[in-house]
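Next comes final-v8.txt, a file with compact mmCIF, C-alpha atoms and all ligand atoms.
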```txt
# COMPACT_ATOMS: atom_id res chain seq x y z
CA MET J 822 -20.79 -18.46 -12.85
CA ASN J 823 -22.75 -15.55 -11.40
CA THR J 824 -23.37 -15.27 -7.69
CA GLN J 825 -24.59 -12.47 -5.51
CA TYR J 826 -21.04 -11.54 -4.55
CA SER J 827 -19.20 -11.24 -7.82
CA THR J 828 -19.26 -11.93 -11.51
CA VAL J 829 -16.69 -14.25 -12.99
CA SER J 830 -17.18 -14.37 -16.74
CA THR J 831 -15.19 -15.76 -19.61
CA GLY J 832 -13.52 -13.33 -21.99
CA ASN J 833 -10.76 -13.13 -24.56
CA ARG J 834 -7.59 -11.22 -25.24
CA GLU J 835 -7.27 -11.76 -28.95
CA GLN J 836 -7.08 -15.59 -29.18
CA LEU J 837 -6.50 -16.18 -25.50
CA PRO J 838 -9.33 -17.21 -23.16
CA THR J 839 -9.48 -15.17 -19.97
CA LEU J 840 -11.57 -14.92 -16.83
CA LYS J 841 -12.92 -11.50 -15.95
CA VAL J 842 -13.69 -10.82 -12.32
CA VAL J 843 -15.90 -8.02 -11.07
CA ASN J 844 -16.74 -7.75 -7.38
CA ARG J 845 -17.45 -4.89 -5.03
CA HIS J 846 -13.74 -4.25 -4.49
CA CYS J 847 -12.15 -4.48 -7.92
CA LYS J 848 -12.12 -5.50 -11.56
CA ALA J 849 -9.53 -7.91 -12.92
CA GLU J 850 -8.69 -10.22 -15.78
CA ILE J 851 -6.55 -13.35 -15.87
CA ALA J 852 -5.47 -15.34 -18.94
CA LEU J 853 -5.55 -19.13 -18.70
CA PHE J 854 -2.35 -19.18 -20.76
CA GLY J 855 0.32 -18.95 -18.06
CA ALA J 856 -2.24 -18.27 -15.26
CA HIS J 857 -1.21 -14.79 -16.23
CA LEU J 858 -2.88 -11.90 -14.43
CA LEU J 859 -3.39 -9.14 -17.03
CA SER J 860 -5.28 -6.48 -15.13
CA PHE J 861 -6.12 -5.46 -11.58
CA ILE J 862 -8.09 -2.26 -10.94
CA PRO J 863 -9.17 -1.62 -7.35
CA ASN J 864 -12.40 0.36 -7.06
CA SER J 865 -10.84 2.55 -4.34
CA ASP J 866 -9.09 4.69 -6.98
CA GLY J 867 -9.99 3.04 -10.31
CA LYS J 868 -6.33 2.88 -11.38
CA GLU J 869 -4.84 -0.03 -13.29
CA ARG J 870 -1.93 -1.41 -11.27
CA LEU J 871 -0.48 -3.67 -13.99
CA TRP J 872 1.34 -2.67 -17.15
CA LEU J 873 0.65 -4.62 -20.32
CA SER J 874 2.65 -4.00 -23.47
CA ASP J 875 0.73 -2.40 -26.37
CA THR J 876 2.49 -4.92 -28.59
CA ALA J 877 2.13 -7.97 -26.32
CA ILE J 878 1.74 -11.21 -28.29
CA PHE J 879 -1.32 -13.32 -27.45
CA ASP J 880 -0.84 -16.25 -29.85
CA LYS J 881 0.96 -18.55 -27.35
CA SER J 882 4.21 -18.32 -29.33
CA LYS J 883 5.82 -16.55 -26.36
CA PRO J 884 4.99 -15.41 -22.85
CA ILE J 885 2.73 -12.38 -22.52
CA ARG J 886 4.76 -9.17 -22.07
CA GLY J 887 3.28 -7.46 -19.02
CA GLY J 888 0.94 -8.37 -16.19
CA VAL J 889 2.23 -11.07 -13.86
CA PRO J 890 4.20 -13.84 -15.59
CA ILE J 891 4.61 -16.92 -13.41
CA CYS J 892 8.23 -18.09 -13.47
CA TRP J 893 8.53 -21.68 -12.17
CA PRO J 894 10.31 -24.01 -11.40
CA TRP J 895 13.29 -21.94 -12.34
CA PHE J 896 14.03 -18.25 -12.69
CA GLY J 897 16.21 -16.87 -15.51
CA GLY J 898 17.77 -18.96 -18.24
CA ILE J 899 19.57 -21.60 -16.23
CA TYR J 900 18.65 -24.27 -13.76
CA PRO J 901 21.39 -25.24 -11.35
CA ASP J 902 21.14 -28.89 -10.39
CA PHE J 903 21.97 -28.43 -6.76
CA ALA J 904 22.78 -32.09 -6.18
CA THR J 905 25.41 -32.34 -8.90
CA ASN J 906 26.45 -28.69 -9.35
CA GLN J 907 25.56 -29.03 -13.03
CA VAL J 908 23.98 -26.05 -14.74
CA SER J 909 21.61 -26.53 -17.67
CA GLU J 910 20.60 -23.86 -20.16
CA LEU J 911 16.86 -23.80 -20.37
CA PRO J 912 14.10 -21.57 -21.77
CA ALA J 913 13.93 -18.38 -19.69
CA HIS J 914 11.84 -18.39 -16.53
CA GLY J 915 10.52 -21.96 -16.51
CA PHE J 916 7.85 -23.87 -18.37
CA VAL J 917 4.56 -22.74 -16.90
CA ARG J 918 4.27 -19.21 -18.31
CA THR J 919 4.00 -20.70 -21.83
CA GLN J 920 1.31 -23.31 -21.28
CA ASP J 921 -2.42 -23.47 -20.66
CA TRP J 922 -3.62 -23.71 -17.09
CA ARG J 923 -6.99 -24.96 -15.90
CA VAL J 924 -9.25 -23.39 -13.35
CA ILE J 925 -9.64 -25.75 -10.40
CA GLY J 926 -11.53 -23.51 -8.02
CA ILE J 927 -13.60 -20.35 -7.79
CA GLU J 928 -14.61 -19.24 -4.34
CA GLU J 929 -16.75 -16.20 -3.79
CA THR J 930 -17.49 -14.48 -0.50
CA PRO J 931 -18.49 -10.89 0.30
CA GLU J 932 -14.81 -10.18 1.02
CA SER J 933 -13.17 -11.60 -2.07
CA THR J 934 -13.16 -13.77 -5.16
CA VAL J 935 -10.48 -16.46 -5.16
CA ILE J 936 -9.46 -18.24 -8.34
CA THR J 937 -7.15 -21.23 -8.25
CA LEU J 938 -5.44 -22.63 -11.33
CA SER J 939 -3.08 -25.49 -12.07
CA PRO J 940 -0.90 -26.09 -15.13
CA THR J 941 -1.88 -28.74 -17.64
CA GLN J 942 1.65 -30.13 -18.01
CA LEU J 943 4.08 -30.99 -15.25
CA GLY J 944 7.22 -33.08 -15.23
CA LEU J 945 8.93 -31.26 -18.10
CA PHE J 946 12.69 -30.69 -18.51
CA GLY J 947 13.54 -33.51 -16.15
CA PHE J 948 11.43 -32.28 -13.24
CA SER J 949 9.35 -34.86 -11.41
CA ASP J 950 5.65 -34.82 -12.23
CA ASN J 951 5.21 -35.05 -8.48
CA LEU J 952 6.49 -31.49 -8.19
CA LEU J 953 3.17 -29.67 -8.27
CA THR J 954 2.24 -26.05 -8.54
CA TYR J 955 -0.91 -23.95 -8.17
CA VAL J 956 -1.64 -20.27 -8.52
CA GLU J 957 -4.25 -18.87 -6.17
CA VAL J 958 -5.30 -15.29 -6.87
CA THR J 959 -7.45 -13.44 -4.35
CA PHE J 960 -9.26 -10.39 -5.68
CA SER J 961 -10.31 -7.98 -2.97
CA GLU J 962 -9.32 -4.38 -2.12
CA LYS J 963 -5.85 -5.73 -2.85
CA CYS J 964 -4.84 -8.55 -5.15
CA SER J 965 -2.88 -11.42 -3.64
CA ILE J 966 -1.07 -13.78 -5.99
CA LYS J 967 0.12 -16.97 -4.36
CA LEU J 968 2.41 -19.38 -6.21
CA ILE J 969 2.18 -22.65 -4.32
CA THR J 970 4.69 -25.47 -4.80
CA LYS J 971 4.07 -28.95 -3.39
CA ASN J 972 6.78 -31.56 -3.48
CA LYS J 973 4.79 -34.78 -3.56
CA SER J 974 7.88 -36.81 -4.40
CA GLU J 975 10.06 -38.68 -1.93
CA GLN J 976 13.15 -36.63 -2.83
CA PRO J 977 14.05 -33.07 -1.80
CA VAL J 978 13.77 -30.62 -4.71
CA LYS J 979 15.31 -27.18 -5.03
CA ILE J 980 13.46 -24.61 -7.09
CA THR J 981 13.89 -21.02 -8.16
CA ALA J 982 10.86 -18.95 -9.16
CA ALA J 983 9.35 -15.48 -9.46
CA LEU J 984 6.17 -13.50 -9.65
CA HIS J 985 7.52 -11.25 -12.41
CA THR J 986 5.08 -8.37 -11.96
CA TYR J 987 5.04 -5.46 -14.43
CA PHE J 988 3.70 -2.37 -12.64
CA ASN J 989 2.19 0.65 -14.31
CA VAL J 990 4.07 3.85 -13.44
CA THR J 991 3.12 7.33 -14.61
CA ASP J 992 6.66 8.22 -15.66
CA ILE J 993 9.76 6.12 -15.01
CA HIS J 994 11.81 9.34 -14.76
CA HIS J 995 9.73 10.35 -11.74
CA THR J 996 9.41 7.01 -10.02
CA LYS J 997 10.81 6.22 -6.60
CA ILE J 998 11.03 2.78 -4.98
CA LEU J 999 10.79 2.68 -1.20
CA GLY J 1000 11.68 -0.38 0.88
CA VAL J 1001 14.49 -1.73 -1.32
CA GLU J 1002 18.05 -0.83 -0.41
CA GLY J 1003 21.49 -2.28 0.31
CA ARG J 1004 23.72 -4.22 -2.03
CA TYR J 1005 22.57 -5.76 -5.28
CA ILE J 1006 23.84 -7.93 -8.11
CA ASP J 1007 23.86 -5.92 -11.32
CA LYS J 1008 23.08 -8.17 -14.29
CA THR J 1009 23.84 -5.29 -16.67
CA ARG J 1010 27.40 -5.04 -15.26
CA GLU J 1011 28.69 -8.61 -15.35
CA SER J 1012 26.83 -9.47 -12.14
CA GLY J 1013 29.07 -7.14 -10.12
CA ILE J 1014 27.91 -6.16 -6.64
CA PHE J 1015 27.02 -2.52 -5.98
CA GLU J 1016 25.43 -0.45 -3.22
CA GLN J 1017 22.06 1.01 -4.09
CA PRO J 1018 22.05 4.83 -3.86
CA LEU J 1019 18.96 6.31 -2.21
CA PRO J 1020 16.45 7.51 -3.14
CA TYR J 1021 15.97 4.50 -5.39
CA LEU J 1022 15.39 5.96 -8.86
CA ILE J 1023 15.62 4.37 -12.31
CA SER J 1024 17.55 6.27 -14.96
CA SER J 1025 19.00 3.61 -17.28
CA GLU J 1026 18.67 -0.08 -18.12
CA THR J 1027 18.10 -1.84 -14.82
CA ASP J 1028 18.37 -5.57 -14.10
CA ARG J 1029 19.14 -6.05 -10.43
CA ILE J 1030 18.88 -8.82 -7.90
CA HIS J 1031 18.62 -7.59 -4.33
CA LEU J 1032 19.26 -10.50 -2.00
CA GLN J 1033 17.33 -10.64 1.21
CA ASP J 1034 19.27 -10.46 4.48
CA GLU J 1035 18.23 -9.79 8.06
CA ASP J 1036 18.31 -6.01 7.52
CA ASN J 1037 16.58 -6.10 4.16
CA LEU J 1038 13.58 -8.39 4.04
CA PHE J 1039 11.85 -6.61 1.13
CA GLU J 1040 8.46 -7.56 2.54
CA PHE J 1041 6.92 -4.09 2.16
CA ILE J 1042 7.72 -1.99 -0.89
CA GLN J 1043 6.13 1.13 -2.22
CA VAL J 1044 6.37 2.59 -5.71
CA ASN J 1045 5.61 6.30 -6.00
CA SER J 1046 5.26 7.74 -9.46
CA GLN J 1047 3.82 11.24 -9.59
CA HIS J 1048 0.10 10.75 -8.82
CA ASP J 1049 0.32 6.97 -8.51
CA LYS J 1050 1.22 4.99 -5.42
CA ILE J 1051 1.44 1.21 -5.47
CA SER J 1052 1.95 -0.87 -2.35
CA ILE J 1053 3.55 -4.30 -2.57
CA GLU J 1054 3.78 -6.91 0.16
CA GLN J 1055 5.65 -10.15 -0.43
CA HIS J 1056 6.53 -13.36 1.37
CA GLY J 1057 8.34 -16.60 0.64
CA HIS J 1058 10.99 -14.88 -1.49
CA ASP J 1059 14.76 -14.71 -1.04
CA SER J 1060 15.26 -11.67 -3.24
CA VAL J 1061 13.58 -8.94 -5.19
CA VAL J 1062 14.42 -8.38 -8.85
CA ILE J 1063 14.01 -4.91 -10.32
CA TRP J 1064 13.91 -4.73 -14.11
CA ASN J 1065 13.41 -2.03 -16.73
CA PRO J 1066 14.89 -2.67 -20.19
CA TRP J 1067 15.18 1.04 -21.05
CA GLN J 1068 15.09 2.32 -24.61
CA GLU J 1069 17.68 0.36 -26.60
CA LYS J 1070 16.57 -3.03 -25.29
CA SER J 1071 12.88 -2.13 -25.68
CA LYS J 1072 13.57 -1.33 -29.34
CA SER J 1073 15.09 -4.76 -29.83
CA MET J 1074 12.09 -6.59 -28.36
CA ALA J 1075 9.28 -7.53 -30.74
CA ASP J 1076 6.65 -7.32 -28.03
CA MET J 1077 7.66 -3.98 -26.56
CA GLN J 1078 7.24 -0.53 -28.07
CA GLU J 1079 10.33 1.64 -28.31
CA ASN J 1080 8.97 3.90 -25.57
CA GLY J 1081 7.25 1.12 -23.64
CA TYR J 1082 9.89 1.34 -20.90
CA LEU J 1083 8.66 4.80 -19.89
CA ASP J 1084 5.59 3.68 -17.98
CA MET J 1085 6.56 0.26 -16.62
CA LEU J 1086 8.66 -1.19 -13.87
CA CYS J 1087 9.08 -4.83 -12.89
CA ILE J 1088 9.33 -5.57 -9.19
CA GLU J 1089 9.56 -9.32 -8.86
CA ALA J 1090 9.02 -11.38 -5.72
CA SER J 1091 11.74 -13.90 -6.48
CA ILE J 1092 13.52 -16.99 -5.32
CA THR J 1093 16.85 -16.58 -7.13
CA GLN J 1094 19.06 -18.49 -4.70
CA GLY J 1095 16.82 -21.50 -4.50
CA THR J 1096 14.64 -22.99 -1.84
CA VAL J 1097 14.72 -26.67 -0.95
CA LEU J 1098 11.43 -28.46 -0.49
CA ALA J 1099 11.78 -31.66 1.49
CA ALA J 1100 9.65 -34.63 0.46
CA GLN J 1101 5.96 -33.72 0.92
CA GLU J 1102 6.81 -30.11 1.74
CA ARG J 1103 4.86 -27.08 0.50
CA HIS J 1104 6.09 -23.57 -0.25
CA GLU J 1105 4.23 -20.34 -0.97
CA LEU J 1106 5.61 -17.35 -2.84
CA VAL J 1107 3.22 -14.45 -2.37
CA GLN J 1108 2.90 -10.94 -3.72
CA ILE J 1109 0.07 -8.67 -2.60
CA ILE J 1110 -0.61 -5.62 -4.74
CA GLY J 1111 -2.50 -2.60 -3.45
C1 LIG P 1201 14.03 -10.34 -15.54
C2 LIG P 1201 15.47 -10.74 -15.75
O1 LIG P 1201 13.53 -11.03 -14.44
O2 LIG P 1201 13.26 -10.69 -16.69
C3 LIG P 1201 15.98 -10.08 -17.01
O3 LIG P 1201 16.24 -10.37 -14.61
C4 LIG P 1201 15.11 -10.43 -18.19
O4 LIG P 1201 17.34 -10.48 -17.23
C5 LIG P 1201 13.67 -10.03 -17.87
O5 LIG P 1201 15.57 -9.74 -19.34
C6 LIG P 1201 12.66 -10.34 -18.96
O6 LIG P 1201 12.71 -11.70 -19.30
P1 LIG P 1201 11.82 -12.28 -20.48
O7 LIG P 1201 12.26 -13.70 -20.64
O8 LIG P 1201 10.40 -12.18 -20.02
O9 LIG P 1201 12.08 -11.41 -21.67
```
Could you express the structure from this file as structure tokens?
Amino acid sequence: MNTQYSTVSTGNREQLPTLKVVNRHCKAEIALFGAHLLSFIPNSDGKERLWLSDTAIFDKSKPIRGGVPICWPWFGGIYPDFATNQVSELPAHGFVRTQDWRVIGIEETPESTVITLSPTQLGLFGFSDNLLTYVEVTFSEKCSIKLITKNKSEQPVKITAALHTYFNVTDIHHTKILGVEGRYIDKTRESGIFEQPLPYLISSETDRIHLQDEDNLFEFIQVNSQHDKISIEQHGHDSVVIWNPWQEKSKSMADMQENGYLDMLCIEASITQGTVLAAQERHELVQIIG
């Protein structure tokens, strides 16, 4: 798989097969389990953008804690059937982050390396197997993750989804989020609605849904944490979810160290309200990390 532009080689994280990408802009690694991006290091500053738990589990018994989990075709633990108003309790964040994906394309140019993957199993939990998804990751000076949904059925389908990215921050106590403000739904306080104080800092367990409106598109976000600056661009979302489990919850999670919460922050390009894809329609949820 070597070309003059980049090296795409097979690797492993414990038992899990991965693809390692090295080109003139960056180094990166993606697990085939979940099409799960584990690492992205741009050469411009050599800093890892993604956080991966020291105690992440790589035996396929659960989703990988860290990196970029792909949540599809639903976000959270419920799927609202929009036609009937029925709500079903389902495994959290969909069925593609816990299955093997296959690589269906590798495209290399001087500008970038693009890897496209598709899941091996569709049509689970009552979804049509004509509801298709692909993940296309472009590795360049920035890393663009595109979650593509194609409704090849003859019926409209409503989905929720997220690119549930775990970012590396130097110190959560000195981390500021720019570009997210306004009202939010607080999942730690019975889904009450609150106004976000600025500057946006994290000082306790945080599980917030910020819904997009015309004043708050959340298309350009920056995370500043001491010496680290991460830029995030996103499209195709209806909200941004900000999550940090803080200490007590981290302690209770098998795949997170007690102090793991100190150097991570999830900023998730999300569709929490649902988007309807008409028959034959395509949707793209995109997050670009720089
Ligand atoms: C966030 C949710 O997106 O993901 C949180 O808003 C949830 O409520 C978190 O706890 C982690 O989910 P999981 O299933 O990966 O542990």
Open item on the list: Which residues are near ligand LIG 1201 (chain P) - at most 7 Å, using all atoms listed in the file? Format: as a list of chain:residue names.
Closed with: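 Protein and nucleic-acid residues within 7 Å of ligand LIG 1201 (chain P): J:Pro884, J:Arg886, J:Gly897, J:Ala913, J:His914, J:His985, J:Lys1008, J:Asp1028, J:Arg1029, J:Val1062, J:Trp1064.
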TODO: Using all atoms listed in the file, pick whichever of J:Lys848, J:Lys881, J:Arg923, J:Lys967 has the shortest atom-to-atom distance to Ala983 in chain J.
DONE: J:Lys967
Open item on the list: Just checking: using only C-alpha atoms, which residue out of J:Arg1004, J:His1058, J:His1104, J:Lys1070 ends up closest to Leu953 in chain J?
Closed with: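 Using only C-alpha atoms, the shortest distance to Leu953 in chain J belongs to J:His1104.
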Open item on the list: With distances taken over all atoms listed in the file, which residue among J:Val1044, J:Leu840, J:Ile1109, J:Leu984 lies nearest Met1085 in chain J?
Closed with: J:Val1044
- [ ] Provide the CA of Gln1047 in chain J to CA of Thr959 in chain J distance in Å, to one decimal place.
- [x] 27.6 Å
